[in-house]
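Novice: Sharing start14.pdb (PDB, C-alpha atoms and all ligand atoms) below.
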```
ATOM      1  CA  MET K   1     -20.594  67.674  -0.541
ATOM      2  CA  LYS K   2     -17.462  69.648  -1.482
ATOM      3  CA  GLN K   3     -16.694  70.112   2.194
ATOM      4  CA  ASP K   4     -17.061  66.356   2.754
ATOM      5  CA  LEU K   5     -14.469  65.676   0.081
ATOM      6  CA  LEU K   6     -12.167  68.271   1.588
ATOM      7  CA  GLY K   7     -12.606  66.676   5.009
ATOM      8  CA  THR K   8     -11.792  63.240   3.638
ATOM      9  CA  ALA K   9      -8.686  64.559   1.879
ATOM     10  CA  THR K  10      -7.534  66.322   5.054
ATOM     11  CA  ARG K  11      -8.029  63.196   7.131
ATOM     12  CA  ALA K  12      -6.156  61.096   4.559
ATOM     13  CA  ALA K  13      -3.260  63.569   4.569
ATOM     14  CA  ALA K  14      -3.199  63.585   8.374
ATOM     15  CA  ALA K  15      -3.191  59.785   8.464
ATOM     16  CA  LEU K  16      -0.307  59.688   5.979
ATOM     17  CA  LEU K  17       1.664  62.208   8.045
ATOM     18  CA  CYS K  18       1.067  60.129  11.182
ATOM     19  CA  ALA K  19       2.227  56.976   9.401
ATOM     20  CA  VAL K  20       5.426  58.711   8.271
ATOM     21  CA  LEU K  21       6.075  60.077  11.767
ATOM     22  CA  ILE K  22       5.518  56.651  13.330
ATOM     23  CA  LEU K  23       7.740  54.866  10.806
ATOM     24  CA  LEU K  24      10.583  57.432  10.803
ATOM     25  CA  PRO K  25      12.098  56.543  14.196
ATOM     26  CA  GLY K  26      12.125  52.896  13.106
ATOM     27  CA  LEU K  27      14.105  53.814   9.998
ATOM     28  CA  ALA K  28      16.465  56.084  11.938
ATOM     29  CA  SER K  29      17.264  53.351  14.501
ATOM     30  CA  ALA K  30      18.337  50.901  11.750
ATOM     31  CA  GLU K  31      21.867  51.178  13.096
ATOM     32  CA  LEU K  32      23.781  48.107  12.075
ATOM     33  CA  ARG K  33      27.407  48.908  11.285
ATOM     34  CA  LYS K  34      29.010  47.753   8.050
ATOM     35  CA  PRO K  35      30.852  44.444   8.288
ATOM     36  CA  SER K  36      34.657  44.754   8.423
ATOM     37  CA  GLY K  37      35.431  41.066   7.948
ATOM     38  CA  GLN K  38      34.191  38.436   5.511
ATOM     39  CA  VAL K  39      30.383  38.325   5.406
ATOM     40  CA  LEU K  40      29.281  34.928   6.731
ATOM     41  CA  LEU K  41      25.523  35.508   6.775
ATOM     42  CA  THR K  42      23.141  37.744   4.834
ATOM     43  CA  VAL K  43      19.643  38.317   6.199
ATOM     44  CA  SER K  44      17.008  39.933   3.987
ATOM     45  CA  GLY K  45      13.242  40.241   3.635
ATOM     46  CA  LYS K  46      11.043  41.434   6.482
ATOM     47  CA  ILE K  47      13.727  43.000   8.689
ATOM     48  CA  SER K  48      14.026  46.508  10.127
ATOM     49  CA  GLU K  49      17.804  46.627  10.751
ATOM     50  CA  THR K  50      19.948  46.828   7.610
ATOM     51  CA  ASN K  51      23.467  47.880   6.586
ATOM     52  CA  ALA K  52      23.027  47.430   2.827
ATOM     53  CA  VAL K  53      19.996  47.933   0.587
ATOM     54  CA  GLY K  54      17.349  45.717   2.200
ATOM     55  CA  GLU K  55      19.955  43.430   3.770
ATOM     56  CA  ALA K  56      21.806  42.822   7.013
ATOM     57  CA  LEU K  57      25.372  41.706   6.213
ATOM     58  CA  LEU K  58      27.023  39.994   9.164
ATOM     59  CA  ASP K  59      30.681  39.067   9.672
ATOM     60  CA  ARG K  60      31.956  36.718  12.394
ATOM     61  CA  THR K  61      32.437  39.464  15.003
ATOM     62  CA  MET K  62      28.963  40.909  14.426
ATOM     63  CA  LEU K  63      27.433  37.441  14.742
ATOM     64  CA  GLU K  64      29.379  36.731  17.950
ATOM     65  CA  GLU K  65      28.207  40.057  19.379
ATOM     66  CA  VAL K  66      24.618  38.792  19.191
ATOM     67  CA  GLY K  67      25.608  36.607  22.155
ATOM     68  CA  MET K  68      27.485  33.302  22.127
ATOM     69  CA  ARG K  69      25.801  30.277  23.717
ATOM     70  CA  THR K  70      26.868  26.684  24.170
ATOM     71  CA  LEU K  71      24.690  23.729  23.229
ATOM     72  CA  LYS K  72      25.654  20.163  24.041
ATOM     73  CA  THR K  73      23.660  17.662  22.039
ATOM     74  CA  SER K  74      23.949  14.528  20.007
ATOM     75  CA  ASN K  75      23.219  14.688  16.311
ATOM     76  CA  PRO K  76      22.534  12.126  13.632
ATOM     77  CA  PHE K  77      25.996  12.505  12.051
ATOM     78  CA  GLU K  78      28.486  12.044  14.883
ATOM     79  CA  GLU K  79      28.912   9.576  17.722
ATOM     80  CA  GLY K  80      28.161  10.810  21.210
ATOM     81  CA  THR K  81      27.473  14.261  22.577
ATOM     82  CA  GLN K  82      28.940  17.201  20.703
ATOM     83  CA  THR K  83      29.569  20.713  21.956
ATOM     84  CA  TYR K  84      28.456  23.544  19.700
ATOM     85  CA  GLU K  85      28.921  27.265  20.271
ATOM     86  CA  GLY K  86      27.057  29.935  18.409
ATOM     87  CA  ILE K  87      24.148  32.325  18.638
ATOM     88  CA  LEU K  88      20.468  31.647  19.180
ATOM     89  CA  LEU K  89      18.333  31.981  16.043
ATOM     90  CA  ARG K  90      15.866  33.858  18.257
ATOM     91  CA  ASP K  91      18.528  36.444  19.237
ATOM     92  CA  LEU K  92      19.616  36.916  15.621
ATOM     93  CA  LEU K  93      16.014  37.513  14.496
ATOM     94  CA  ASN K  94      15.643  40.110  17.260
ATOM     95  CA  ARG K  95      18.910  41.787  16.275
ATOM     96  CA  VAL K  96      17.769  42.376  12.690
ATOM     97  CA  GLY K  97      14.177  43.229  13.690
ATOM     98  CA  ALA K  98      12.664  40.278  11.826
ATOM     99  CA  SER K  99       8.870  40.341  11.622
ATOM    100  CA  GLY K 100       7.915  37.490   9.296
ATOM    101  CA  ASP K 101       6.800  33.988  10.243
ATOM    102  CA  THR K 102       8.821  31.928   7.768
ATOM    103  CA  LEU K 103      12.533  31.789   7.007
ATOM    104  CA  ILE K 104      13.915  30.571   3.730
ATOM    105  CA  ALA K 105      17.349  29.253   4.671
ATOM    106  CA  HIS K 106      19.956  28.876   1.915
ATOM    107  CA  ALA K 107      23.305  27.082   2.039
ATOM    108  CA  LEU K 108      26.541  27.398   0.060
ATOM    109  CA  ASP K 109      25.832  24.020  -1.582
ATOM    110  CA  GLY K 110      22.529  25.355  -2.954
ATOM    111  CA  TYR K 111      20.348  23.489  -0.446
ATOM    112  CA  THR K 112      17.354  25.521   0.764
ATOM    113  CA  VAL K 113      14.743  24.775   3.404
ATOM    114  CA  GLU K 114      11.835  26.591   5.054
ATOM    115  CA  ILE K 115      12.031  27.151   8.798
ATOM    116  CA  PRO K 116       9.022  28.542  10.700
ATOM    117  CA  THR K 117      10.124  31.388  12.980
ATOM    118  CA  SER K 118       8.001  29.720  15.683
ATOM    119  CA  ASP K 119      10.842  27.146  15.997
ATOM    120  CA  ALA K 120      13.105  29.979  17.182
ATOM    121  CA  ALA K 121      10.527  31.171  19.703
ATOM    122  CA  LYS K 122       9.779  27.684  21.070
ATOM    123  CA  TYR K 123      13.292  26.192  21.159
ATOM    124  CA  PRO K 124      16.854  27.432  21.708
ATOM    125  CA  VAL K 125      17.800  26.743  18.071
ATOM    126  CA  LEU K 126      21.505  27.465  17.597
ATOM    127  CA  LEU K 127      23.385  28.938  14.651
ATOM    128  CA  ALA K 128      26.487  26.934  15.497
ATOM    129  CA  MET K 129      29.820  28.510  14.521
ATOM    130  CA  LYS K 130      32.157  26.360  16.625
ATOM    131  CA  TRP K 131      32.255  22.605  17.046
ATOM    132  CA  ASN K 132      34.099  21.186  20.043
ATOM    133  CA  GLY K 133      35.894  24.518  20.485
ATOM    134  CA  LYS K 134      36.992  25.031  16.869
ATOM    135  CA  ALA K 135      35.535  27.319  14.222
ATOM    136  CA  MET K 136      33.885  25.166  11.551
ATOM    137  CA  ASP K 137      35.228  25.718   8.069
ATOM    138  CA  VAL K 138      33.273  25.200   4.874
ATOM    139  CA  ARG K 139      34.698  21.664   4.466
ATOM    140  CA  ASN K 140      33.416  20.805   7.910
ATOM    141  CA  LYS K 141      29.755  21.935   7.593
ATOM    142  CA  GLY K 142      30.738  25.509   8.477
ATOM    143  CA  PRO K 143      30.844  28.357   8.788
ATOM    144  CA  ILE K 144      27.300  28.147  10.204
ATOM    145  CA  TRP K 145      25.230  25.088  10.974
ATOM    146  CA  ILE K 146      21.700  25.281  12.392
ATOM    147  CA  ILE K 147      21.547  22.866  15.328
ATOM    148  CA  TYR K 148      18.295  21.918  17.105
ATOM    149  CA  PRO K 149      18.417  20.811  20.775
ATOM    150  CA  ILE K 150      17.155  17.312  19.965
ATOM    151  CA  ASP K 151      18.322  15.715  23.245
ATOM    152  CA  GLU K 152      16.519  18.208  25.432
ATOM    153  CA  PHE K 153      13.387  18.162  23.240
ATOM    154  CA  PRO K 154      12.837  14.609  21.910
ATOM    155  CA  GLU K 155       9.873  15.793  19.817
ATOM    156  CA  LEU K 156      12.527  17.345  17.551
ATOM    157  CA  LYS K 157      13.874  13.924  16.523
ATOM    158  CA  THR K 158      12.017  13.976  13.202
ATOM    159  CA  GLU K 159      12.949  13.906   9.515
ATOM    160  CA  GLU K 160      11.422  17.371   9.147
ATOM    161  CA  ILE K 161      13.747  18.828  11.796
ATOM    162  CA  SER K 162      16.740  16.989  10.269
ATOM    163  CA  GLY K 163      15.898  18.721   7.019
ATOM    164  CA  ARG K 164      15.916  22.103   8.786
ATOM    165  CA  SER K 165      19.354  21.357  10.261
ATOM    166  CA  ILE K 166      21.018  23.155   7.367
ATOM    167  CA  TRP K 167      24.816  23.370   7.284
ATOM    168  CA  GLN K 168      26.952  25.861   5.321
ATOM    169  CA  LEU K 169      24.163  28.378   5.937
ATOM    170  CA  ASP K 170      24.831  31.666   4.138
ATOM    171  CA  LYS K 171      21.440  33.359   3.648
ATOM    172  CA  LEU K 172      18.197  33.809   5.516
ATOM    173  CA  LEU K 173      15.171  35.381   3.835
ATOM    174  CA  VAL K 174      12.460  36.469   6.276
ATOM    175  CA  GLN K 175       8.954  36.177   4.818
TER     176      GLN K 175
HETATM  177  N1  LIG X 201      23.654  22.537   3.408
HETATM  178  C1  LIG X 201      22.911  21.427   3.503
HETATM  179  N2  LIG X 201      22.271  21.177   4.661
HETATM  180  C2  LIG X 201      21.506  20.060   4.788
HETATM  181  C3  LIG X 201      21.328  19.187   3.734
HETATM  182  C4  LIG X 201      22.034  19.475   2.524
HETATM  183  O1  LIG X 201      21.971  18.746   1.528
HETATM  184  N3  LIG X 201      22.809  20.608   2.459
HETATM  185  N4  LIG X 201      20.502  18.084   3.879
HETATM  186  C5  LIG X 201      19.445  18.182   4.914
HETATM  187  C6  LIG X 201      18.686  16.964   5.134
HETATM  188  S1  LIG X 201      17.442  16.610   4.040
HETATM  189  C7  LIG X 201      18.867  16.156   6.221
HETATM  190  S2  LIG X 201      17.906  14.825   6.547
HETATM  191  C8  LIG X 201      19.952  16.454   7.128
HETATM  192  C9  LIG X 201      20.831  15.249   7.171
HETATM  193  O2  LIG X 201      21.324  14.984   5.890
HETATM  194  P1  LIG X 201      22.190  13.663   5.642
HETATM  195  O3  LIG X 201      21.390  12.514   6.167
HETATM  196  O4  LIG X 201      22.373  13.636   4.154
HETATM  197  O5  LIG X 201      23.495  13.829   6.361
HETATM  198  O6  LIG X 201      20.708  17.620   6.795
HETATM  199  C10 LIG X 201      20.028  18.683   6.203
HETATM  200  N5  LIG X 201      20.891  19.810   5.974
HETATM  201 MO    MO X 202      16.559  14.626   4.726
END
```
Once more with this new file: its structure as structure tokens, please.
Ligand SMILES: Nc1nc2c(c(=O)[nH]1)N[C@H]1C(S)=C(S)[C@@H](COP(=O)(O)O)O[C@H]1N2
Ligand SMILES: [Mo]
Specialist:
Amino acid sequence: MKQDLLGTATRAAAALLCAVLILLPGLASAELRKPSGQVLLTVSGKISETNAVGEALLDRTMLEEVGMRTLKTSNPFEEGTQTYEGILLRDLLNRVGASGDTLIAHALDGYTVEIPTSDAAKYPVLLAMKWNGKAMDVRNKGPIWIIYPIDEFPELKTEEISGRSIWQLDKLLVQ
């Protein structure tokens, strides 16, 4: 009986040690440098890469380093095809080691919307930072506007997706 208890305690301790050893490399590789410019986007929640307590703070250069892409698409607000440059939501989520399945997106104007991370996996959703070659400022829906490829994927021409097309994005919470 006593020995059983001892065995259980030993196994529990061993399991705990294993868990710590498995998790440690993950913590050690959380190498995201501190931003040197103005922070444009803060990602928090279920992420493994941080440069502040529980948060990934990203300036323009750090965002661009995720990998700039171009997306040409129409949108409900402008006439004709527009050219947007920015980073893929999918690449950003990879960069910060996101593991949740829902994003709570927040904008400078206080607007918030839920975005399923499956959107990022299924579609090349863009965090647009440039519009027709120019950086977007806050007055012009910048600095970051989530743009869905609605021309290439007509199933995205819905009210729900319009609602997820959040401009002046400043925070993402991964849940
Ligand atoms: N920052 C921000 N993004 C936003 C919104 C908003 O109010 N603020 N409105 C959303 C909604 S509900 C829709 S339908 C689309 C288009 O909004 P609009 O028709 O008012 O231009 O943008 C989305 N993105
Ligand atoms: Mo809307």
Novice: Take the PyMOL selection byres (((chain K and resi 31-43) around 12) and not hetatm), apply it to the structure above, and return the hits as an mmCIF file with C-alpha atoms, keeping the file's coordinate frame.
Specialist:
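Wrote out-v9.cif, looks like this:
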```cif
data_model
loop_
_atom_site.group_PDB
_atom_site.id
_atom_site.type_symbol
_atom_site.label_atom_id
_atom_site.label_comp_id
_atom_site.auth_asym_id
_atom_site.auth_seq_id
_atom_site.Cartn_x
_atom_site.Cartn_y
_atom_site.Cartn_z
ATOM 1 C CA PRO K 25 12.098 56.543 14.196
ATOM 2 C CA GLY K 26 12.125 52.896 13.106
ATOM 3 C CA LEU K 27 14.105 53.814 9.998
ATOM 4 C CA ALA K 28 16.465 56.084 11.938
ATOM 5 C CA SER K 29 17.264 53.351 14.501
ATOM 6 C CA ALA K 30 18.337 50.901 11.750
ATOM 7 C CA SER K 44 17.008 39.933 3.987
ATOM 8 C CA GLY K 45 13.242 40.241 3.635
ATOM 9 C CA LYS K 46 11.043 41.434 6.482
ATOM 10 C CA ILE K 47 13.727 43.000 8.689
ATOM 11 C CA SER K 48 14.026 46.508 10.127
ATOM 12 C CA GLU K 49 17.804 46.627 10.751
ATOM 13 C CA THR K 50 19.948 46.828 7.610
ATOM 14 C CA ASN K 51 23.467 47.880 6.586
ATOM 15 C CA ALA K 52 23.027 47.430 2.827
ATOM 16 C CA VAL K 53 19.996 47.933 0.587
ATOM 17 C CA GLY K 54 17.349 45.717 2.200
ATOM 18 C CA GLU K 55 19.955 43.430 3.770
ATOM 19 C CA ALA K 56 21.806 42.822 7.013
ATOM 20 C CA LEU K 57 25.372 41.706 6.213
ATOM 21 C CA LEU K 58 27.023 39.994 9.164
ATOM 22 C CA ASP K 59 30.681 39.067 9.672
ATOM 23 C CA ARG K 60 31.956 36.718 12.394
ATOM 24 C CA THR K 61 32.437 39.464 15.003
ATOM 25 C CA MET K 62 28.963 40.909 14.426
ATOM 26 C CA LEU K 63 27.433 37.441 14.742
ATOM 27 C CA GLU K 64 29.379 36.731 17.950
ATOM 28 C CA GLU K 65 28.207 40.057 19.379
ATOM 29 C CA VAL K 66 24.618 38.792 19.191
ATOM 30 C CA LEU K 89 18.333 31.981 16.043
ATOM 31 C CA LEU K 92 19.616 36.916 15.621
ATOM 32 C CA LEU K 93 16.014 37.513 14.496
ATOM 33 C CA ASN K 94 15.643 40.110 17.260
ATOM 34 C CA ARG K 95 18.910 41.787 16.275
ATOM 35 C CA VAL K 96 17.769 42.376 12.690
ATOM 36 C CA GLY K 97 14.177 43.229 13.690
ATOM 37 C CA ALA K 98 12.664 40.278 11.826
ATOM 38 C CA LEU K 103 12.533 31.789 7.007
ATOM 39 C CA ILE K 104 13.915 30.571 3.730
ATOM 40 C CA ALA K 105 17.349 29.253 4.671
ATOM 41 C CA HIS K 106 19.956 28.876 1.915
ATOM 42 C CA ALA K 107 23.305 27.082 2.039
ATOM 43 C CA LEU K 108 26.541 27.398 0.060
ATOM 44 C CA LEU K 127 23.385 28.938 14.651
ATOM 45 C CA MET K 129 29.820 28.510 14.521
ATOM 46 C CA MET K 136 33.885 25.166 11.551
ATOM 47 C CA ASP K 137 35.228 25.718 8.069
ATOM 48 C CA VAL K 138 33.273 25.200 4.874
ATOM 49 C CA GLY K 142 30.738 25.509 8.477
ATOM 50 C CA PRO K 143 30.844 28.357 8.788
ATOM 51 C CA ILE K 144 27.300 28.147 10.204
ATOM 52 C CA TRP K 145 25.230 25.088 10.974
ATOM 53 C CA GLN K 168 26.952 25.861 5.321
ATOM 54 C CA LEU K 169 24.163 28.378 5.937
ATOM 55 C CA ASP K 170 24.831 31.666 4.138
ATOM 56 C CA LYS K 171 21.440 33.359 3.648
ATOM 57 C CA LEU K 172 18.197 33.809 5.516
ATOM 58 C CA LEU K 173 15.171 35.381 3.835
ATOM 59 C CA VAL K 174 12.460 36.469 6.276
ATOM 60 C CA GLN K 175 8.954 36.177 4.818
#
```
Novice: Please identify all protein, DNA and RNA residues within 9 Å of ligand MO 202 (chain X), counting all atoms listed in the file, and report them as a list in words.
Specialist: Glu159, Glu160, Ile161, Ser162, Gly163 and Arg164 of chain K
Novice: Can you write just those residues out, C-alpha atoms, as a PDB file, in the coordinates of the input?
Specialist:
```
ATOM      1  CA  GLU K 159      12.949  13.906   9.515  1.00  0.00           C
ATOM      2  CA  GLU K 160      11.422  17.371   9.147  1.00  0.00           C
ATOM      3  CA  ILE K 161      13.747  18.828  11.796  1.00  0.00           C
ATOM      4  CA  SER K 162      16.740  16.989  10.269  1.00  0.00           C
ATOM      5  CA  GLY K 163      15.898  18.721   7.019  1.00  0.00           C
ATOM      6  CA  ARG K 164      15.916  22.103   8.786  1.00  0.00           C
TER       7      ARG K 164
END
```
Novice: Tell me which of K:Ala135, K:Leu71, K:Val113, K:Leu126 sits closest to ligand LIG 201 (chain X), counting only C-alpha atoms and all ligand atoms.
Specialist: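 Looking at the shortest contact to ligand LIG 201 (chain X), the residue is K:Val113.
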Novice: Separation of atom CA of K:Thr117 and atom CA of K:Thr102, in Å?
Specialist: 5.4 Å
Novice: So which one's closest to ligand LIG 201 (chain X), K:Asp101, K:Asp119, K:Asp109, K:Glu152? Using only C-alpha atoms and all ligand atoms, please.
Specialist: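 Looking at the shortest contact to ligand LIG 201 (chain X), the residue is K:Asp109.
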Novice: Which of these residues is nearest to ligand LIG 201 (chain X), using all atoms listed in the file: K:Gly110, K:Pro116, K:Pro124, K:Gly100?
Specialist: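 Among the listed residues, the smallest separation from ligand LIG 201 (chain X) belongs to K:Gly110.
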Novice: Go ahead and fit an axis-aligned box to every listed atom of ligand LIG 201 (chain X) plus 8 Å each side, and pass me the centre and edge lengths in Å, one decimal, as AutoDock Vina command-line options.
Specialist:
```
--center_x 20.5 --center_y 17.5 --center_z 4.3 --size_x 22.2 --size_y 26.0 --size_z 21.6
```
Novice: Looking at K:Trp167, K:Tyr123, K:Trp131, K:Tyr148, which one is nearest to ligand LIG 201 (chain X), with distances taken over all atoms listed in the file?
Specialist: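 Nearest to ligand LIG 201 (chain X): K:Trp167.
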Novice: Counting only C-alpha atoms and all ligand atoms, which of K:Asn75, K:Thr70, K:Ser118, K:Thr83 gets nearest to ligand LIG 201 (chain X)?
Specialist: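 The closest residue to ligand LIG 201 (chain X) is K:Asn75.
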Novice: Any idea what the distance is between atom CA of K:Ser99 and atom C5 of ligand LIG 201 (chain X)?
Specialist: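 It comes out at 25.5 Å.
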Novice: Expressed in Å to a single decimal, how great is the separation between atom S2 of ligand LIG 201 (chain X) and atom CA of K:Gly80?
Specialist: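 The value is 18.3 Å.
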Novice: Closest to ligand LIG 201 (chain X) among K:Arg139, K:Lys130, K:Arg69, K:Arg11, using all atoms listed in the file?
Specialist: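 Comparing K:Arg139, K:Lys130, K:Arg69, K:Arg11 against ligand LIG 201 (chain X), the winner is K:Arg139.
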Novice: Residues near K:Pro149, anyone? I mean within 7 Å using all atoms listed in the file, not counting same-chain ones fewer than 2 positions away, as a PyMOL selection string.
Specialist: chain K and resi 73+124-125+147+151-153
